[in-house]
file data32.txt (compact mmCIF, C-alpha atoms)
# COMPACT_ATOMS: atom_id res chain seq x y z
CA PRO J 27 -37.50 0.75 -13.47
CA PRO J 28 -36.60 1.64 -17.11
CA ILE J 29 -39.79 3.71 -17.41
CA PHE J 30 -38.99 5.51 -14.16
CA HIS J 31 -35.44 6.17 -15.34
CA CYS J 32 -36.91 7.61 -18.53
CA ILE J 33 -39.28 9.81 -16.53
CA ASN J 34 -36.46 11.06 -14.29
CA ASP J 35 -34.17 11.83 -17.19
CA PHE J 36 -36.84 13.79 -19.07
CA GLY J 37 -35.95 16.56 -16.64
CA GLN J 38 -32.20 16.10 -16.91
CA GLY J 39 -32.32 16.13 -20.71
CA SER J 40 -34.64 19.09 -20.94
CA LEU J 41 -32.27 21.62 -19.39
CA ALA J 42 -29.96 21.79 -22.40
CA ALA J 43 -32.93 22.47 -24.68
CA LEU J 44 -34.00 25.32 -22.39
CA ILE J 45 -30.69 27.21 -22.69
CA PRO J 46 -31.88 29.41 -25.63
CA PHE J 47 -35.05 30.14 -23.63
CA PHE J 48 -32.94 31.27 -20.65
CA ILE J 49 -30.67 33.37 -22.87
CA ALA J 50 -33.61 35.11 -24.55
CA ASN J 51 -35.68 35.70 -21.41
CA PHE J 52 -32.96 36.44 -18.86
CA ASN J 53 -30.25 37.97 -21.07
CA LEU J 54 -27.71 35.33 -20.05
CA ASN J 55 -24.26 34.91 -21.53
CA TYR J 56 -22.72 31.53 -22.44
CA TYR J 57 -20.94 31.21 -19.11
CA GLN J 58 -24.15 31.73 -17.14
CA SER J 59 -26.02 29.30 -19.37
CA ALA J 60 -23.36 26.62 -18.98
CA ALA J 61 -23.41 27.15 -15.21
CA ILE J 62 -27.07 26.06 -15.15
CA ILE J 63 -26.17 22.71 -16.69
CA PHE J 64 -23.06 22.43 -14.52
CA CYS J 65 -25.02 23.01 -11.28
CA ASN J 66 -27.57 20.39 -12.21
CA THR J 67 -25.04 17.79 -13.30
CA ILE J 68 -22.52 18.24 -10.50
CA VAL J 69 -25.15 17.94 -7.78
CA ALA J 70 -26.76 14.94 -9.49
CA SER J 71 -23.38 13.21 -9.65
CA ILE J 72 -21.69 14.09 -6.38
CA ALA J 73 -24.73 13.77 -4.11
CA GLN J 74 -25.62 10.22 -5.18
CA PRO J 75 -23.40 8.42 -2.63
CA VAL J 76 -24.91 10.49 0.18
CA LEU J 77 -28.53 10.32 -0.97
CA GLY J 78 -30.56 7.33 -1.98
CA TYR J 79 -31.01 3.84 -0.62
CA VAL J 80 -34.54 4.44 0.61
CA PRO J 81 -37.20 2.85 -1.65
CA TRP J 82 -39.57 5.80 -1.66
CA PHE J 83 -36.74 8.00 -2.95
CA ILE J 84 -37.50 6.66 -6.44
CA PRO J 85 -40.80 8.52 -6.90
CA VAL J 86 -39.66 11.41 -4.70
CA GLY J 87 -36.50 11.74 -6.79
CA PHE J 88 -38.15 11.98 -10.17
CA ALA J 89 -40.93 14.17 -8.76
CA VAL J 90 -38.37 16.65 -7.38
CA THR J 91 -36.47 16.56 -10.68
CA LEU J 92 -39.51 17.26 -12.85
CA VAL J 93 -41.31 19.71 -10.56
CA SER J 94 -38.09 21.74 -10.34
CA ILE J 95 -38.00 21.95 -14.13
CA SER J 96 -41.67 23.00 -14.14
CA ALA J 97 -41.02 25.67 -11.52
CA ILE J 98 -38.57 27.36 -13.88
CA ALA J 99 -41.74 28.79 -15.46
CA LEU J 100 -42.04 30.90 -12.30
CA ALA J 101 -38.39 32.00 -12.22
CA THR J 102 -37.85 35.73 -12.06
CA SER J 103 -34.06 35.73 -11.86
CA TYR J 104 -30.96 33.87 -12.91
CA GLU J 105 -30.32 32.88 -9.29
CA MET J 106 -33.74 31.29 -9.12
CA ILE J 107 -33.00 29.25 -12.25
CA LEU J 108 -29.70 28.10 -10.70
CA ALA J 109 -31.48 27.09 -7.49
CA LEU J 110 -34.09 25.13 -9.43
CA ALA J 111 -31.38 23.45 -11.55
CA LEU J 112 -29.66 22.46 -8.28
CA MET J 113 -32.95 21.08 -6.91
CA SER J 114 -33.44 19.10 -10.09
CA GLY J 115 -29.97 17.63 -9.58
CA VAL J 116 -30.86 16.68 -6.01
CA GLY J 117 -33.92 14.86 -7.35
CA ALA J 118 -31.76 12.93 -9.79
CA ALA J 119 -29.35 12.06 -6.97
CA LEU J 120 -32.26 10.78 -4.87
CA PHE J 121 -33.55 8.67 -7.75
CA HIS J 122 -30.55 6.88 -9.25
CA PRO J 123 -29.00 4.85 -6.38
CA GLU J 124 -32.25 3.33 -5.19
CA ALA J 125 -33.55 2.74 -8.71
CA ALA J 126 -30.37 0.84 -9.64
CA LEU J 127 -30.68 -1.16 -6.42
CA LEU J 128 -34.30 -1.98 -7.30
CA VAL J 129 -33.16 -3.30 -10.67
CA ASN J 130 -30.63 -5.50 -8.88
CA ARG J 131 -33.21 -6.75 -6.36
CA THR J 132 -35.95 -7.52 -8.82
CA GLN J 133 -33.88 -8.73 -11.77
CA SER J 134 -30.88 -10.38 -10.06
CA HIS J 135 -31.20 -13.47 -12.27
CA GLU J 136 -30.48 -11.40 -15.39
CA ILE J 137 -28.77 -8.33 -14.01
CA GLY J 138 -26.77 -7.43 -17.12
CA ASN J 139 -29.84 -7.39 -19.35
CA ALA J 140 -31.88 -5.57 -16.71
CA MET J 141 -29.23 -2.87 -16.22
CA GLY J 142 -29.05 -2.51 -19.99
CA ARG J 143 -32.81 -1.86 -20.15
CA PHE J 144 -32.47 0.54 -17.22
CA ALA J 145 -29.76 2.46 -19.09
CA VAL J 146 -31.89 2.57 -22.25
CA GLY J 147 -34.70 4.09 -20.20
CA GLY J 148 -32.41 6.88 -19.01
CA SER J 149 -31.05 7.49 -22.50
CA ALA J 150 -34.58 7.65 -23.87
CA GLY J 151 -35.45 10.23 -21.21
CA PHE J 152 -32.43 12.34 -22.15
CA ALA J 153 -33.45 12.13 -25.80
CA LEU J 154 -37.16 12.86 -25.25
CA GLY J 155 -36.70 15.57 -22.60
CA PRO J 156 -35.55 18.20 -25.11
CA LEU J 157 -38.47 17.35 -27.40
CA ILE J 158 -40.90 17.91 -24.56
CA ALA J 159 -39.11 21.06 -23.36
CA GLY J 160 -39.23 22.38 -26.92
CA GLY J 161 -42.92 23.10 -26.35
CA VAL J 162 -41.79 26.15 -24.39
CA TYR J 163 -40.82 27.82 -27.69
CA VAL J 164 -44.33 27.33 -29.07
CA PHE J 165 -46.51 27.75 -25.97
CA GLY J 166 -44.34 29.83 -23.65
CA GLY J 167 -42.85 29.20 -20.23
CA GLN J 168 -46.08 27.90 -18.74
CA PHE J 169 -45.71 24.82 -20.96
CA LEU J 170 -43.04 23.57 -18.52
CA TRP J 171 -45.84 22.48 -16.19
CA VAL J 172 -46.18 19.42 -18.42
CA PHE J 173 -43.18 18.06 -16.47
CA THR J 174 -45.23 18.16 -13.26
CA ALA J 175 -48.01 16.23 -15.02
CA ILE J 176 -45.45 13.63 -16.13
CA ALA J 177 -44.15 13.42 -12.54
CA ALA J 178 -47.67 12.86 -11.21
CA LEU J 179 -48.29 10.10 -13.74
CA GLY J 180 -44.96 8.53 -12.82
CA VAL J 181 -45.76 8.57 -9.10
CA LEU J 182 -49.14 6.96 -9.75
CA LEU J 183 -47.48 4.32 -11.92
CA TYR J 184 -44.88 3.66 -9.22
CA LEU J 185 -47.55 3.30 -6.54
CA TYR J 186 -49.52 0.94 -8.75
CA ALA J 187 -46.47 -1.18 -9.57
CA PHE J 188 -44.77 -1.36 -6.19
CA THR J 189 -47.33 -1.05 -3.43
CA GLY J 190 -50.11 -3.24 -2.18
CA HIS J 191 -49.16 -6.43 -4.02
CA THR J 192 -46.57 -8.03 -1.71
CA THR J 193 -44.42 -6.99 1.17
CA GLU J 194 -40.66 -6.67 0.98
CA ALA J 195 -40.36 -9.64 3.34
CA GLU J 196 -42.38 -11.79 0.94
CA ASP J 197 -40.24 -10.61 -1.97
CA ALA J 198 -37.05 -11.41 -0.06
CA ARG J 199 -38.33 -14.90 0.85
CA GLU J 200 -39.29 -15.58 -2.76
CA CYS J 201 -35.88 -14.43 -4.00
CA GLU J 202 -34.12 -16.54 -1.37
CA SER J 203 -36.11 -19.64 -2.31
CA GLN J 204 -35.26 -19.09 -5.98
CA ILE J 205 -31.56 -18.86 -5.14
CA LYS J 206 -31.71 -21.98 -2.95
CA GLY J 207 -33.63 -23.83 -5.64
CA THR J 208 -30.90 -23.17 -8.21
CA ASN J 209 -28.01 -23.88 -5.86
CA THR J 210 -27.55 -27.65 -5.98
CA GLY J 211 -24.06 -27.62 -4.49
CA ILE J 212 -22.51 -28.75 -7.79
CA ASN J 213 -20.36 -26.41 -9.84
CA ASP J 214 -21.96 -25.67 -13.20
CA TRP J 215 -18.81 -24.98 -15.21
CA VAL J 216 -20.62 -24.88 -18.57
CA SER J 217 -22.93 -22.07 -17.47
CA PHE J 218 -20.04 -20.31 -15.75

call {"tool": "encode", "arguments": {"input": "data32.txt", "output": "structure tokens"}}
result
Amino acid sequence: PPIFHCINDFGQGSLAALIPFFIANFNLNYYQSAAIIFCNTIVASIAQPVLGYVPWFIPVGFAVTLVSISAIALATSYEMILALALMSGVGAALFHPEAALLVNRTQSHEIGNAMGRFAVGGSAGFALGPLIAGGVYVFGGQFLWVFTAIAALGVLLYLYAFTGHTTEAEDARECESQIKGTNTGINDWVSF
């Protein structure tokens, strides 16, 4: 999941780097520019409790996030940019709850460390997103389609990593047997 968190947050991090591009190409003021970031962030935050909790929302979430950023290359108006920023926020809201749950399911024996790695993945995405988006200043708006290519690679990686190997029932049985194997009925005060 850290790599998927990184992929998702490429899109989230890239929006701030695109503000000068929006100002130059759409004659936006500071308020309008800040509203783009606000729309993305508020939807990504508030919608998370409503969305998520379906395993396939992980690849769908980061695909929606990144394809929305790519589609900004086609934007012809400020309203279109706002709509795409909102869609990108919806993608982030789809991604985060289920991805965090996946970390908990697959790494429950070391959840603190696993959540730390998950957070590092997201932070890396926020840091690298602006670097990737910066290509728009060299190659033009069409460069944003690189985010769709990243989304496609991420979906393929997700499918490779999480499909076809075992079923969820097998994973649950394995996890249950590990828990039973470590539960001897005696309190382990030293480890506690």

call {"tool": "atom_distance", "arguments": {"input": "data32.txt", "atom1": "atom CA of J:Phe48", "atom2": "atom CA of J:Ala145"}}
result
29.0 Å

call {"tool": "atom_distance", "arguments": {"input": "data32.txt", "atom1": "atom CA of J:Val181", "atom2": "atom CA of J:Glu124"}}
result
15.0 Å

call {"tool": "axis_aligned_box", "arguments": {"input": "data32.txt", "around": "stretch 133-149 of chain J", "padding_each_side": "3 Å", "output": "JSON"}}
result
{"center_x": -30.7, "center_y": -3.0, "center_z": -16.3, "size_x": 13.9, "size_y": 27.0, "size_z": 18.4}

call {"tool": "residues_near_point", "arguments": {"input": "data32.txt", "point": "(-37.6, 13.7, -26.0)", "cutoff": "10 Å", "atoms": "all atoms listed in the file", "output": "JSON, numbers by chain"}}
result
{"J": [32, 35, 36, 37, 39, 40, 149, 150, 151, 152, 153, 154, 155, 156, 157, 158, 159, 160]}

call {"tool": "write_last_selection", "arguments": {"input": "data32.txt", "atoms": "C-alpha atoms", "output": "PDB file, keeping the file's coordinate frame"}}
result
ATOM      1  CA  CYS J  32     -36.910   7.610 -18.530  1.00  0.00           C
ATOM      2  CA  ASP J  35     -34.170  11.830 -17.190  1.00  0.00           C
ATOM      3  CA  PHE J  36     -36.840  13.790 -19.070  1.00  0.00           C
ATOM      4  CA  GLY J  37     -35.950  16.560 -16.640  1.00  0.00           C
ATOM      5  CA  GLY J  39     -32.320  16.130 -20.710  1.00  0.00           C
ATOM      6  CA  SER J  40     -34.640  19.090 -20.940  1.00  0.00           C
ATOM      7  CA  SER J 149     -31.050   7.490 -22.500  1.00  0.00           C
ATOM      8  CA  ALA J 150     -34.580   7.650 -23.870  1.00  0.00           C
ATOM      9  CA  GLY J 151     -35.450  10.230 -21.210  1.00  0.00           C
ATOM     10  CA  PHE J 152     -32.430  12.340 -22.150  1.00  0.00           C
ATOM     11  CA  ALA J 153     -33.450  12.130 -25.800  1.00  0.00           C
ATOM     12  CA  LEU J 154     -37.160  12.860 -25.250  1.00  0.00           C
ATOM     13  CA  GLY J 155     -36.700  15.570 -22.600  1.00  0.00           C
ATOM     14  CA  PRO J 156     -35.550  18.200 -25.110  1.00  0.00           C
ATOM     15  CA  LEU J 157     -38.470  17.350 -27.400  1.00  0.00           C
ATOM     16  CA  ILE J 158     -40.900  17.910 -24.560  1.00  0.00           C
ATOM     17  CA  ALA J 159     -39.110  21.060 -23.360  1.00  0.00           C
ATOM     18  CA  GLY J 160     -39.230  22.380 -26.920  1.00  0.00           C
TER      19      GLY J 160
END

call {"tool": "residues_near_point", "arguments": {"input": "data32.txt", "point": "(-25.8, 15.2, -4.6)", "cutoff": "12 Å", "atoms": "only C-alpha atoms", "output": "list in words"}}
result
Cys65, Asn66, Thr67, Ile68, Val69, Ala70, Ser71, Ile72, Ala73, Gln74, Pro75, Val76, Leu77, Gly78, Gly87, Leu112, Met113, Ser114, Gly115, Val116, Gly117, Ala118, Ala119, Leu120, Phe121, His122 and Pro123 of chain J

call {"tool": "closest_residue", "arguments": {"input": "data32.txt", "among": "J:Ser59, J:Gln38, J:Asn53, J:Asn130", "to": "J:Thr91", "atoms": "all atoms listed in the file"}}
result
J:Gln38

call {"tool": "atom_distance", "arguments": {"input": "data32.txt", "atom1": "atom CA of J:Leu100", "atom2": "atom CA of J:Leu170"}}
result
9.7 Å

call {"tool": "closest_residue", "arguments": {"input": "data32.txt", "among": "J:Phe144, J:Phe64, J:Phe30, J:Tyr186", "to": "J:Ile84", "atoms": "all atoms listed in the file"}}
result
J:Phe30
